[in-house]
>>> print(open('work_10.pdb').read())   # PDB, C-alpha atoms, pLDDT in the B column
ATOM      1  CA  MET A  21      33.570 -42.480  17.899  1.00 48.00           C
ATOM      2  CA  LYS A  22      33.983 -41.225  14.377  1.00 53.00           C
ATOM      3  CA  LYS A  23      30.963 -41.132  12.085  1.00 54.00           C
ATOM      4  CA  PHE A  24      31.286 -41.326   8.317  1.00 51.00           C
ATOM      5  CA  ILE A  25      28.801 -39.859   5.863  1.00 54.00           C
ATOM      6  CA  TYR A  26      29.118 -41.189   2.308  1.00 53.00           C
ATOM      7  CA  VAL A  27      28.717 -38.822  -0.602  1.00 54.00           C
ATOM      8  CA  ILE A  28      28.036 -40.939  -3.709  1.00 58.00           C
ATOM      9  CA  LEU A  29      28.273 -39.341  -7.130  1.00 59.00           C
ATOM     10  CA  PHE A  30      27.787 -41.186 -10.404  1.00 59.00           C
ATOM     11  CA  ILE A  31      28.894 -38.711 -13.029  1.00 52.00           C
ATOM     12  CA  THR A  32      28.073 -38.375 -16.675  1.00 45.00           C
ATOM     13  CA  ASN A  33      28.872 -35.077 -18.301  1.00 39.00           C
ATOM     14  CA  ILE A  34      29.427 -32.848 -15.291  1.00 40.00           C
ATOM     15  CA  VAL A  35      32.468 -31.222 -13.766  1.00 41.00           C
ATOM     16  CA  VAL A  36      33.392 -32.467 -10.310  1.00 43.00           C
ATOM     17  CA  THR A  37      33.914 -29.522  -7.977  1.00 43.00           C
ATOM     18  CA  TYR A  38      36.624 -29.214  -5.389  1.00 44.00           C
ATOM     19  CA  SER A  39      34.091 -29.288  -2.565  1.00 65.00           C
ATOM     20  CA  LEU A  40      34.440 -33.083  -2.728  1.00 84.00           C
ATOM     21  CA  ASN A  41      37.305 -34.889  -1.026  1.00 90.00           C
ATOM     22  CA  PHE A  42      38.702 -35.922  -4.394  1.00 94.00           C
ATOM     23  CA  SER A  43      37.993 -35.232  -8.049  1.00 93.00           C
ATOM     24  CA  VAL A  44      38.464 -37.238 -11.239  1.00 95.00           C
ATOM     25  CA  VAL A  45      39.062 -36.346 -14.892  1.00 94.00           C
ATOM     26  CA  PRO A  46      37.906 -37.187 -17.492  1.00 94.00           C
ATOM     27  CA  THR A  47      34.358 -37.849 -16.302  1.00 93.00           C
ATOM     28  CA  ARG A  48      33.285 -40.120 -19.172  1.00 93.00           C
ATOM     29  CA  TYR A  49      34.868 -42.613 -21.588  1.00 95.00           C
ATOM     30  CA  GLU A  50      33.736 -44.110 -24.877  1.00 95.00           C
ATOM     31  CA  VAL A  51      35.579 -47.150 -26.264  1.00 95.00           C
ATOM     32  CA  GLU A  52      35.309 -49.471 -29.245  1.00 95.00           C
ATOM     33  CA  LEU A  53      34.726 -53.111 -28.316  1.00 95.00           C
ATOM     34  CA  THR A  54      36.477 -54.534 -31.377  1.00 93.00           C
ATOM     35  CA  LYS A  55      39.989 -53.937 -29.993  1.00 93.00           C
ATOM     36  CA  VAL A  56      41.908 -53.638 -26.753  1.00 95.00           C
ATOM     37  CA  SER A  57      42.040 -50.084 -25.420  1.00 95.00           C
ATOM     38  CA  THR A  58      44.032 -48.666 -22.500  1.00 96.00           C
ATOM     39  CA  ASN A  59      42.946 -45.409 -20.879  1.00 96.00           C
ATOM     40  CA  GLU A  60      43.955 -43.178 -17.986  1.00 97.00           C
ATOM     41  CA  ILE A  61      41.958 -41.507 -15.217  1.00 97.00           C
ATOM     42  CA  TYR A  62      43.520 -38.748 -13.101  1.00 97.00           C
ATOM     43  CA  ILE A  63      42.510 -38.473  -9.437  1.00 97.00           C
ATOM     44  CA  THR A  64      43.277 -35.411  -7.291  1.00 96.00           C
ATOM     45  CA  ASN A  65      43.223 -35.359  -3.490  1.00 96.00           C
ATOM     46  CA  ASN A  66      41.463 -32.101  -2.573  1.00 93.00           C
ATOM     47  CA  THR A  67      42.190 -32.410   1.154  1.00 92.00           C
ATOM     48  CA  THR A  68      45.121 -31.640   3.446  1.00 94.00           C
ATOM     49  CA  GLU A  69      45.307 -35.266   4.609  1.00 93.00           C
ATOM     50  CA  PRO A  70      46.626 -38.420   2.929  1.00 95.00           C
ATOM     51  CA  MET A  71      43.893 -40.418   1.212  1.00 95.00           C
ATOM     52  CA  ARG A  72      43.256 -44.065   0.430  1.00 96.00           C
ATOM     53  CA  LEU A  73      40.881 -45.194  -2.305  1.00 97.00           C
ATOM     54  CA  GLU A  74      39.712 -48.479  -3.720  1.00 97.00           C
ATOM     55  CA  ALA A  75      38.554 -48.972  -7.319  1.00 97.00           C
ATOM     56  CA  TYR A  76      36.045 -51.503  -8.623  1.00 97.00           C
ATOM     57  CA  ILE A  77      33.640 -52.126 -11.526  1.00 97.00           C
ATOM     58  CA  GLU A  78      29.870 -51.797 -11.263  1.00 95.00           C
ATOM     59  CA  GLY A  79      27.062 -52.155 -13.814  1.00 94.00           C
ATOM     60  CA  ASP A  80      24.219 -49.693 -14.360  1.00 93.00           C
ATOM     61  CA  LYS A  81      20.844 -51.264 -13.580  1.00 90.00           C
ATOM     62  CA  ARG A  82      18.935 -48.345 -15.082  1.00 90.00           C
ATOM     63  CA  PHE A  83      20.793 -48.649 -18.376  1.00 92.00           C
ATOM     64  CA  GLY A  84      20.253 -52.412 -18.596  1.00 89.00           C
ATOM     65  CA  GLU A  85      21.733 -55.010 -16.290  1.00 85.00           C
ATOM     66  CA  SER A  86      22.617 -57.402 -19.121  1.00 90.00           C
ATOM     67  CA  TYR A  87      24.525 -54.795 -21.121  1.00 95.00           C
ATOM     68  CA  ASN A  88      27.603 -54.197 -19.001  1.00 96.00           C
ATOM     69  CA  LEU A  89      31.393 -54.412 -19.424  1.00 96.00           C
ATOM     70  CA  ASN A  90      32.073 -55.718 -15.925  1.00 96.00           C
ATOM     71  CA  ASP A  91      34.002 -58.853 -16.929  1.00 95.00           C
ATOM     72  CA  ASP A  92      36.181 -57.124 -19.502  1.00 96.00           C
ATOM     73  CA  ILE A  93      37.542 -54.079 -17.672  1.00 97.00           C
ATOM     74  CA  VAL A  94      40.843 -54.424 -15.816  1.00 97.00           C
ATOM     75  CA  ILE A  95      41.895 -51.609 -13.419  1.00 97.00           C
ATOM     76  CA  PHE A  96      45.406 -50.980 -12.121  1.00 96.00           C
ATOM     77  CA  PRO A  97      46.048 -50.185  -9.375  1.00 96.00           C
ATOM     78  CA  LYS A  98      42.897 -51.091  -7.454  1.00 96.00           C
ATOM     79  CA  LYS A  99      44.323 -49.804  -4.162  1.00 97.00           C
ATOM     80  CA  ILE A 100      45.279 -46.149  -4.389  1.00 97.00           C
ATOM     81  CA  PHE A 101      47.185 -43.858  -2.012  1.00 97.00           C
ATOM     82  CA  ILE A 102      47.384 -40.102  -2.668  1.00 96.00           C
ATOM     83  CA  LYS A 103      49.310 -37.577  -0.602  1.00 96.00           C
ATOM     84  CA  PRO A 104      47.646 -34.284   0.441  1.00 96.00           C
ATOM     85  CA  GLY A 105      46.965 -32.175  -2.634  1.00 94.00           C
ATOM     86  CA  GLY A 106      48.527 -34.885  -4.777  1.00 97.00           C
ATOM     87  CA  ARG A 107      47.454 -36.527  -8.011  1.00 96.00           C
ATOM     88  CA  GLN A 108      47.451 -40.188  -9.029  1.00 96.00           C
ATOM     89  CA  THR A 109      47.031 -41.843 -12.424  1.00 97.00           C
ATOM     90  CA  VAL A 110      44.855 -44.953 -12.650  1.00 97.00           C
ATOM     91  CA  ARG A 111      44.802 -46.981 -15.869  1.00 97.00           C
ATOM     92  CA  PHE A 112      42.134 -49.323 -17.116  1.00 97.00           C
ATOM     93  CA  ARG A 113      42.040 -51.720 -20.035  1.00 97.00           C
ATOM     94  CA  VAL A 114      38.922 -52.786 -21.912  1.00 97.00           C
ATOM     95  CA  LYS A 115      39.184 -56.128 -23.730  1.00 93.00           C
ATOM     96  CA  PRO A 116      37.057 -57.267 -26.688  1.00 91.00           C
ATOM     97  CA  ASN A 117      34.753 -60.216 -26.125  1.00 91.00           C
ATOM     98  CA  SER A 118      32.941 -62.350 -28.691  1.00 90.00           C
ATOM     99  CA  LYS A 119      29.805 -62.353 -26.505  1.00 90.00           C
ATOM    100  CA  TYR A 120      29.046 -58.734 -27.438  1.00 92.00           C
ATOM    101  CA  ILE A 121      26.463 -58.233 -30.157  1.00 93.00           C
ATOM    102  CA  ASP A 122      26.103 -54.916 -31.995  1.00 95.00           C
ATOM    103  CA  GLY A 123      25.066 -52.024 -29.790  1.00 95.00           C
ATOM    104  CA  GLU A 124      25.983 -50.060 -26.693  1.00 96.00           C
ATOM    105  CA  TYR A 125      27.217 -51.254 -23.285  1.00 96.00           C
ATOM    106  CA  LYS A 126      27.898 -49.423 -20.054  1.00 96.00           C
ATOM    107  CA  SER A 127      29.672 -49.893 -16.727  1.00 97.00           C
ATOM    108  CA  TYR A 128      31.065 -47.627 -14.025  1.00 97.00           C
ATOM    109  CA  ILE A 129      34.570 -47.526 -12.625  1.00 97.00           C
ATOM    110  CA  VAL A 130      33.869 -46.597  -9.016  1.00 96.00           C
ATOM    111  CA  PHE A 131      36.423 -44.891  -6.776  1.00 97.00           C
ATOM    112  CA  LYS A 132      35.556 -45.163  -3.096  1.00 95.00           C
ATOM    113  CA  GLU A 133      37.367 -43.445  -0.272  1.00 94.00           C
ATOM    114  CA  VAL A 134      38.643 -45.763   2.483  1.00 92.00           C
ATOM    115  CA  PRO A 135      38.332 -43.958   5.841  1.00 86.00           C
ATOM    116  CA  TYR A 136      41.081 -44.027   8.436  1.00 75.00           C
ATOM    117  CA  GLU A 137      39.737 -45.484  11.661  1.00 66.00           C
ATOM    118  CA  ILE A 138      40.488 -43.921  15.044  1.00 52.00           C
ATOM    119  CA  LYS A 139      42.413 -46.313  17.298  1.00 52.00           C
ATOM    120  CA  ASN A 140      40.848 -47.266  20.622  1.00 54.00           C
ATOM    121  CA  GLY A 141      43.710 -45.696  22.515  1.00 52.00           C
ATOM    122  CA  ASP A 142      43.251 -42.290  20.916  1.00 52.00           C
ATOM    123  CA  LYS A 143      42.667 -39.671  23.606  1.00 52.00           C
ATOM    124  CA  ASN A 144      39.959 -38.089  21.437  1.00 53.00           C
ATOM    125  CA  SER A 145      38.181 -41.377  20.726  1.00 50.00           C
ATOM    126  CA  ASN A 146      35.184 -40.385  22.860  1.00 52.00           C
ATOM    127  CA  LEU A 147      34.505 -37.371  20.680  1.00 50.00           C
ATOM    128  CA  THR A 148      32.049 -37.634  17.818  1.00 52.00           C
ATOM    129  CA  ASN A 149      33.630 -36.458  14.565  1.00 56.00           C
ATOM    130  CA  VAL A 150      31.864 -36.434  11.231  1.00 56.00           C
ATOM    131  CA  SER A 151      33.776 -37.079   8.016  1.00 64.00           C
ATOM    132  CA  LEU A 152      32.442 -36.964   4.474  1.00 72.00           C
ATOM    133  CA  ILE A 153      33.452 -40.040   2.505  1.00 80.00           C
ATOM    134  CA  THR A 154      33.342 -39.558  -1.252  1.00 86.00           C
ATOM    135  CA  GLU A 155      32.450 -42.220  -3.802  1.00 91.00           C
ATOM    136  CA  ILE A 156      32.547 -41.347  -7.500  1.00 94.00           C
ATOM    137  CA  GLY A 157      31.517 -43.490 -10.474  1.00 95.00           C
ATOM    138  CA  VAL A 158      32.958 -42.745 -13.929  1.00 96.00           C
ATOM    139  CA  PRO A 159      30.789 -44.124 -16.774  1.00 96.00           C
ATOM    140  CA  ILE A 160      32.488 -46.259 -19.427  1.00 97.00           C
ATOM    141  CA  TYR A 161      30.492 -46.681 -22.647  1.00 96.00           C
ATOM    142  CA  GLY A 162      31.430 -49.414 -25.101  1.00 96.00           C
ATOM    143  CA  THR A 163      30.065 -49.770 -28.637  1.00 95.00           C
ATOM    144  CA  LYS A 164      30.272 -52.527 -31.197  1.00 95.00           C
ATOM    145  CA  GLY A 165      29.072 -52.444 -34.784  1.00 93.00           C
ATOM    146  CA  GLU A 166      26.231 -50.190 -35.881  1.00 91.00           C
ATOM    147  CA  SER A 167      24.302 -48.260 -33.233  1.00 88.00           C
ATOM    148  CA  VAL A 168      20.564 -48.176 -33.967  1.00 92.00           C
ATOM    149  CA  ILE A 169      18.379 -45.556 -32.277  1.00 91.00           C
ATOM    150  CA  THR A 170      14.754 -46.675 -32.320  1.00 92.00           C
ATOM    151  CA  ASN A 171      12.310 -45.311 -29.809  1.00 91.00           C
ATOM    152  CA  LYS A 172       8.639 -44.606 -29.379  1.00 93.00           C
ATOM    153  CA  ILE A 173       7.959 -41.309 -27.666  1.00 95.00           C
ATOM    154  CA  ASP A 174       4.898 -41.679 -25.476  1.00 95.00           C
ATOM    155  CA  LYS A 175       4.797 -38.112 -24.229  1.00 95.00           C
ATOM    156  CA  ILE A 176       6.945 -34.974 -23.909  1.00 97.00           C
ATOM    157  CA  ILE A 177       5.746 -32.589 -21.206  1.00 97.00           C
ATOM    158  CA  VAL A 178       7.194 -29.063 -21.129  1.00 97.00           C
ATOM    159  CA  LYS A 179       6.293 -26.542 -18.413  1.00 97.00           C
ATOM    160  CA  ARG A 180       7.858 -23.101 -18.414  1.00 96.00           C
ATOM    161  CA  GLY A 181       8.369 -20.974 -15.339  1.00 93.00           C
ATOM    162  CA  GLN A 182      10.052 -17.595 -15.167  1.00 90.00           C
ATOM    163  CA  LYS A 183      13.501 -18.969 -14.321  1.00 94.00           C
ATOM    164  CA  ASN A 184      13.411 -22.520 -15.649  1.00 95.00           C
ATOM    165  CA  ILE A 185      11.752 -25.052 -17.934  1.00 97.00           C
ATOM    166  CA  LEU A 186      10.644 -28.432 -16.606  1.00 97.00           C
ATOM    167  CA  VAL A 187      10.922 -31.245 -19.160  1.00 98.00           C
ATOM    168  CA  GLN A 188       9.657 -34.813 -18.913  1.00 98.00           C
ATOM    169  CA  ILE A 189      10.200 -37.343 -21.715  1.00 97.00           C
ATOM    170  CA  ASN A 190       8.403 -40.702 -21.547  1.00 97.00           C
ATOM    171  CA  LEU A 191       9.534 -43.222 -24.137  1.00 96.00           C
ATOM    172  CA  GLU A 192      10.108 -46.866 -24.986  1.00 96.00           C
ATOM    173  CA  ASN A 193      13.500 -47.713 -26.448  1.00 93.00           C
ATOM    174  CA  THR A 194      13.634 -50.649 -28.889  1.00 91.00           C
ATOM    175  CA  GLY A 195      17.008 -50.078 -30.574  1.00 91.00           C
ATOM    176  CA  ASN A 196      20.428 -51.307 -29.460  1.00 95.00           C
ATOM    177  CA  THR A 197      21.681 -48.034 -27.975  1.00 95.00           C
ATOM    178  CA  SER A 198      20.416 -45.438 -25.535  1.00 95.00           C
ATOM    179  CA  SER A 199      18.679 -42.260 -26.679  1.00 95.00           C
ATOM    180  CA  LYS A 200      20.641 -39.223 -25.492  1.00 95.00           C
ATOM    181  CA  PHE A 201      18.623 -36.021 -25.463  1.00 97.00           C
ATOM    182  CA  SER A 202      19.841 -32.427 -25.526  1.00 97.00           C
ATOM    183  CA  TYR A 203      18.162 -29.032 -25.767  1.00 97.00           C
ATOM    184  CA  GLU A 204      18.673 -25.756 -27.561  1.00 95.00           C
ATOM    185  CA  ILE A 205      17.000 -22.424 -26.767  1.00 93.00           C
ATOM    186  CA  VAL A 206      16.518 -20.035 -29.671  1.00 90.00           C
ATOM    187  CA  SER A 207      15.729 -16.357 -29.094  1.00 86.00           C
ATOM    188  CA  LYS A 208      15.934 -13.038 -30.902  1.00 81.00           C
ATOM    189  CA  ARG A 209      18.683 -11.940 -28.510  1.00 75.00           C
ATOM    190  CA  SER A 210      22.289 -12.959 -29.109  1.00 70.00           C
ATOM    191  CA  ILE A 211      23.027 -15.047 -26.012  1.00 71.00           C
ATOM    192  CA  THR A 212      25.589 -17.845 -25.897  1.00 66.00           C
ATOM    193  CA  GLY A 213      25.416 -21.061 -23.905  1.00 68.00           C
ATOM    194  CA  LEU A 214      21.802 -21.891 -24.683  1.00 89.00           C
ATOM    195  CA  LYS A 215      22.495 -25.578 -25.297  1.00 93.00           C
ATOM    196  CA  GLY A 216      22.819 -28.460 -22.868  1.00 94.00           C
ATOM    197  CA  LYS A 217      22.110 -32.066 -21.933  1.00 94.00           C
ATOM    198  CA  ILE A 218      18.699 -33.323 -20.869  1.00 96.00           C
ATOM    199  CA  GLY A 219      19.459 -36.965 -20.124  1.00 94.00           C
ATOM    200  CA  MET A 220      19.621 -40.444 -21.574  1.00 93.00           C
ATOM    201  CA  SER A 221      17.358 -43.474 -21.677  1.00 94.00           C
ATOM    202  CA  ALA A 222      18.084 -47.089 -20.930  1.00 94.00           C
ATOM    203  CA  ARG A 223      19.363 -49.249 -23.796  1.00 94.00           C
ATOM    204  CA  GLU A 224      15.951 -50.893 -24.054  1.00 91.00           C
ATOM    205  CA  GLY A 225      12.539 -50.773 -22.434  1.00 93.00           C
ATOM    206  CA  LYS A 226      10.346 -48.003 -21.039  1.00 94.00           C
ATOM    207  CA  PHE A 227      12.021 -45.014 -19.462  1.00 94.00           C
ATOM    208  CA  SER A 228      11.222 -41.551 -18.104  1.00 96.00           C
ATOM    209  CA  ILE A 229      13.658 -38.627 -18.224  1.00 96.00           C
ATOM    210  CA  ASN A 230      13.087 -35.563 -16.044  1.00 96.00           C
ATOM    211  CA  THR A 231      15.194 -32.429 -15.981  1.00 96.00           C
ATOM    212  CA  GLU A 232      15.152 -28.703 -15.276  1.00 96.00           C
ATOM    213  CA  ILE A 233      16.541 -26.285 -17.870  1.00 96.00           C
ATOM    214  CA  PRO A 234      17.650 -22.865 -16.564  1.00 94.00           C
ATOM    215  CA  ILE A 235      16.519 -19.774 -18.472  1.00 93.00           C
ATOM    216  CA  PRO A 236      19.033 -16.899 -18.768  1.00 90.00           C
ATOM    217  CA  LYS A 237      17.946 -13.822 -16.804  1.00 91.00           C
ATOM    218  CA  GLU A 238      17.864 -11.777 -20.002  1.00 89.00           C
ATOM    219  CA  LEU A 239      15.079 -14.027 -21.336  1.00 91.00           C
ATOM    220  CA  TYR A 240      12.834 -14.229 -18.259  1.00 91.00           C
ATOM    221  CA  ASN A 241      10.015 -12.276 -19.884  1.00 88.00           C
ATOM    222  CA  GLN A 242      10.745 -13.164 -23.500  1.00 89.00           C
ATOM    223  CA  LYS A 243       9.209 -15.730 -25.807  1.00 91.00           C
ATOM    224  CA  ILE A 244      11.722 -18.444 -26.651  1.00 92.00           C
ATOM    225  CA  LYS A 245      11.817 -21.459 -28.924  1.00 94.00           C
ATOM    226  CA  LEU A 246      12.776 -24.768 -27.351  1.00 96.00           C
ATOM    227  CA  LEU A 247      14.247 -27.620 -29.386  1.00 96.00           C
ATOM    228  CA  ILE A 248      14.755 -31.161 -28.042  1.00 97.00           C
ATOM    229  CA  LYS A 249      17.033 -33.450 -30.077  1.00 96.00           C
ATOM    230  CA  ASP A 250      18.782 -36.815 -29.826  1.00 95.00           C
ATOM    231  CA  GLN A 251      22.470 -37.538 -30.472  1.00 93.00           C
ATOM    232  CA  ASN A 252      21.800 -37.714 -34.231  1.00 92.00           C
ATOM    233  CA  ASP A 253      20.187 -34.251 -34.198  1.00 94.00           C
ATOM    234  CA  LYS A 254      16.722 -35.677 -34.796  1.00 94.00           C
ATOM    235  CA  VAL A 255      14.220 -33.124 -33.446  1.00 96.00           C
ATOM    236  CA  TYR A 256      11.497 -34.491 -31.136  1.00 96.00           C
ATOM    237  CA  TYR A 257      10.137 -31.198 -29.865  1.00 97.00           C
ATOM    238  CA  SER A 258      10.083 -27.717 -31.399  1.00 96.00           C
ATOM    239  CA  ASN A 259       7.809 -25.082 -29.946  1.00 96.00           C
ATOM    240  CA  THR A 260       7.717 -21.434 -28.883  1.00 94.00           C
ATOM    241  CA  ILE A 261       7.000 -21.081 -25.181  1.00 93.00           C
TER     242      ILE A 261
END
>>> encode(input="work_10.pdb", output="structure tokens")
Amino acid sequence: MKKFIYVILFITNIVVTYSLNFSVVPTRYEVELTKVSTNEIYITNNTTEPMRLEAYIEGDKRFGESYNLNDDIVIFPKKIFIKPGGRQTVRFRVKPNSKYIDGEYKSYIVFKEVPYEIKNGDKNSNLTNVSLITEIGVPIYGTKGESVITNKIDKIIVKRGQKNILVQINLENTGNTSSKFSYEIVSKRSITGLKGKIGMSAREGKFSINTEIPIPKELYNQKIKLLIKDQNDKVYYSNTI
């Protein structure tokens, strides 16, 4: 008997490592919903075996179940075969729809590995083999008209350790787009790479964002200034910790 363990990864702004059975690039798309757009996703088979995948559309319940692009994304092909170490191009088209009001929408294009089953007559069929089955979701963001960021911050909790900073943002979003938060660390030392993503809220409603920010080793015992901003560079938190 062959057992399959599914590794599910819904990616935003991260790089997919080659420890997975396959990888995809780019890892995020943003499209305008006022016109037809055609885009390409490149999939690489990171194994020494042929691979089969299936592609489908899925909404994001955390973002807002009503604000998805599910009915207006067309993928081709939906059944994908990639030779060992090979690469395949998958295209998708996003169509405009009069039902969309101004604001932001989101869906995932999900690529799921289809495992090869062991035939009953296989001499090794009584052995228990474990295979990792990869499933990756690529977020597709669609916007129409003016995006309005309106939120009420209930609380921002920041706790600093020696090696990291724990951040929790509790808010209620009342605009028509998600709030996307990032951070910046300011210090007296000249160190690069002190910026990064914290997370994003739902399009509307109450939401909690939790993340861990690494502190460079050179700053373990130094006072630093932490800034938390949204995608319009509005500062929500500025403090020396």
>>> resolve_selection(input="work_10.pdb", expression="the PyMOL selection byres ((chain A and resi 194) around 8)", output="VMD selection string")
chain A and resid 169 to 172 192 to 193 195 to 196 223 to 225
>>> resolve_selection(input="work_10.pdb", expression="the PyMOL selection byres ((chain A and resi 109) around 9)", output="list in words")
Glu60, Ile61, Tyr62, Ile63, Pro97, Arg107, Gln108, Val110 and Arg111 of chain A
>>> resolve_selection(input="work_10.pdb", expression="the PyMOL selection byres ((chain A and resi 203) around 12)", output="PyMOL selection string")
chain A and resi 178+185-187+200-202+204-206+213-219+231-235+245-251+253-259
>>> write_last_selection(input="work_10.pdb", atoms="C-alpha atoms", output="PDB file, in the frame of the given file")
ATOM      1  CA  VAL A 178       7.194 -29.063 -21.129  1.00 97.00           C
ATOM      2  CA  ILE A 185      11.752 -25.052 -17.934  1.00 97.00           C
ATOM      3  CA  LEU A 186      10.644 -28.432 -16.606  1.00 97.00           C
ATOM      4  CA  VAL A 187      10.922 -31.245 -19.160  1.00 98.00           C
ATOM      5  CA  LYS A 200      20.641 -39.223 -25.492  1.00 95.00           C
ATOM      6  CA  PHE A 201      18.623 -36.021 -25.463  1.00 97.00           C
ATOM      7  CA  SER A 202      19.841 -32.427 -25.526  1.00 97.00           C
ATOM      8  CA  GLU A 204      18.673 -25.756 -27.561  1.00 95.00           C
ATOM      9  CA  ILE A 205      17.000 -22.424 -26.767  1.00 93.00           C
ATOM     10  CA  VAL A 206      16.518 -20.035 -29.671  1.00 90.00           C
ATOM     11  CA  GLY A 213      25.416 -21.061 -23.905  1.00 68.00           C
ATOM     12  CA  LEU A 214      21.802 -21.891 -24.683  1.00 89.00           C
ATOM     13  CA  LYS A 215      22.495 -25.578 -25.297  1.00 93.00           C
ATOM     14  CA  GLY A 216      22.819 -28.460 -22.868  1.00 94.00           C
ATOM     15  CA  LYS A 217      22.110 -32.066 -21.933  1.00 94.00           C
ATOM     16  CA  ILE A 218      18.699 -33.323 -20.869  1.00 96.00           C
ATOM     17  CA  GLY A 219      19.459 -36.965 -20.124  1.00 94.00           C
ATOM     18  CA  THR A 231      15.194 -32.429 -15.981  1.00 96.00           C
ATOM     19  CA  GLU A 232      15.152 -28.703 -15.276  1.00 96.00           C
ATOM     20  CA  ILE A 233      16.541 -26.285 -17.870  1.00 96.00           C
ATOM     21  CA  PRO A 234      17.650 -22.865 -16.564  1.00 94.00           C
ATOM     22  CA  ILE A 235      16.519 -19.774 -18.472  1.00 93.00           C
ATOM     23  CA  LYS A 245      11.817 -21.459 -28.924  1.00 94.00           C
ATOM     24  CA  LEU A 246      12.776 -24.768 -27.351  1.00 96.00           C
ATOM     25  CA  LEU A 247      14.247 -27.620 -29.386  1.00 96.00           C
ATOM     26  CA  ILE A 248      14.755 -31.161 -28.042  1.00 97.00           C
ATOM     27  CA  LYS A 249      17.033 -33.450 -30.077  1.00 96.00           C
ATOM     28  CA  ASP A 250      18.782 -36.815 -29.826  1.00 95.00           C
ATOM     29  CA  GLN A 251      22.470 -37.538 -30.472  1.00 93.00           C
ATOM     30  CA  ASP A 253      20.187 -34.251 -34.198  1.00 94.00           C
ATOM     31  CA  LYS A 254      16.722 -35.677 -34.796  1.00 94.00           C
ATOM     32  CA  VAL A 255      14.220 -33.124 -33.446  1.00 96.00           C
ATOM     33  CA  TYR A 256      11.497 -34.491 -31.136  1.00 96.00           C
ATOM     34  CA  TYR A 257      10.137 -31.198 -29.865  1.00 97.00           C
ATOM     35  CA  SER A 258      10.083 -27.717 -31.399  1.00 96.00           C
ATOM     36  CA  ASN A 259       7.809 -25.082 -29.946  1.00 96.00           C
TER      37      ASN A 259
END
>>> atom_distance(input="work_10.pdb", atom1="CA of Thr154 (chain A)", atom2="CA of Pro135 (chain A)")
9.7 Å
>>> residues_around(input="work_10.pdb", residues="Lys55 (chain A)", least_positions_apart="6", cutoff="9 Å", atoms="all atoms listed in the file", output="list of chain:residue names")
A:Val114, A:Lys115, A:Pro116
>>> atom_distance(input="work_10.pdb", atom1="CA of Glu78 (chain A)", atom2="CA of Ile102 (chain A)")
22.7 Å
>>> axis_aligned_box(input="work_10.pdb", around="region 253-258 of chain A", padding_each_side="6 Å", output="JSON")
{"center_x": 15.1, "center_y": -31.7, "center_z": -32.3, "size_x": 22.1, "size_y": 20.0, "size_z": 16.9}
>>> atom_distance(input="work_10.pdb", atom1="CA of Ile173 (chain A)", atom2="CA of Lys226 (chain A)")
9.7 Å
>>> closest_residue(input="work_10.pdb", among="A:Glu238, A:Glu124, A:Asp92, A:Glu85", to="Tyr161 (chain A)", atoms="all atoms listed in the file")
A:Glu124
>>> residues_near_point(input="work_10.pdb", point="(30.0, -61.7, -31.7)", cutoff="12 Å", atoms="only C-alpha atoms", output="JSON, numbers by chain")
{"A": [53, 54, 116, 117, 118, 119, 120, 121, 122, 123, 164, 165]}
>>> closest_residue(input="work_10.pdb", among="A:Val94, A:Leu40, A:Val130, A:Ile244", to="Asn184 (chain A)", atoms="only C-alpha atoms")
A:Ile244
>>> residues_around(input="work_10.pdb", residues="Ser198 (chain A)", least_positions_apart="3", cutoff="7 Å", atoms="only C-alpha atoms", output="list of chain:residue names")
A:Met220, A:Ser221, A:Ala222, A:Arg223
>>> residues_around(input="work_10.pdb", residues="Ile100 (chain A)", least_positions_apart="4", cutoff="8 Å", atoms="only C-alpha atoms", output="list in words")
Arg72, Leu73, Glu74, Ala75 and Gln108 of chain A
>>> write_last_selection(input="work_10.pdb", atoms="C-alpha atoms", output="mmCIF file, keeping the file's coordinate frame")
data_model
loop_
_atom_site.group_PDB
_atom_site.id
_atom_site.type_symbol
_atom_site.label_atom_id
_atom_site.label_comp_id
_atom_site.auth_asym_id
_atom_site.auth_seq_id
_atom_site.Cartn_x
_atom_site.Cartn_y
_atom_site.Cartn_z
ATOM 1 C CA ARG A 72 43.256 -44.065 0.430
ATOM 2 C CA LEU A 73 40.881 -45.194 -2.305
ATOM 3 C CA GLU A 74 39.712 -48.479 -3.720
ATOM 4 C CA ALA A 75 38.554 -48.972 -7.319
ATOM 5 C CA GLN A 108 47.451 -40.188 -9.029
#
>>> closest_residue(input="work_10.pdb", among="A:Met71, A:Ile77, A:Ile129, A:Val168", to="Pro104 (chain A)", atoms="all atoms listed in the file")
A:Met71
>>> closest_residue(input="work_10.pdb", among="A:Phe42, A:Tyr87, A:Tyr76, A:Tyr240", to="Tyr125 (chain A)", atoms="only C-alpha atoms")
A:Tyr87
>>> closest_residue(input="work_10.pdb", among="A:Ser199, A:Ser127, A:Ser207, A:Gln242", to="Arg180 (chain A)", atoms="only C-alpha atoms")
A:Gln242
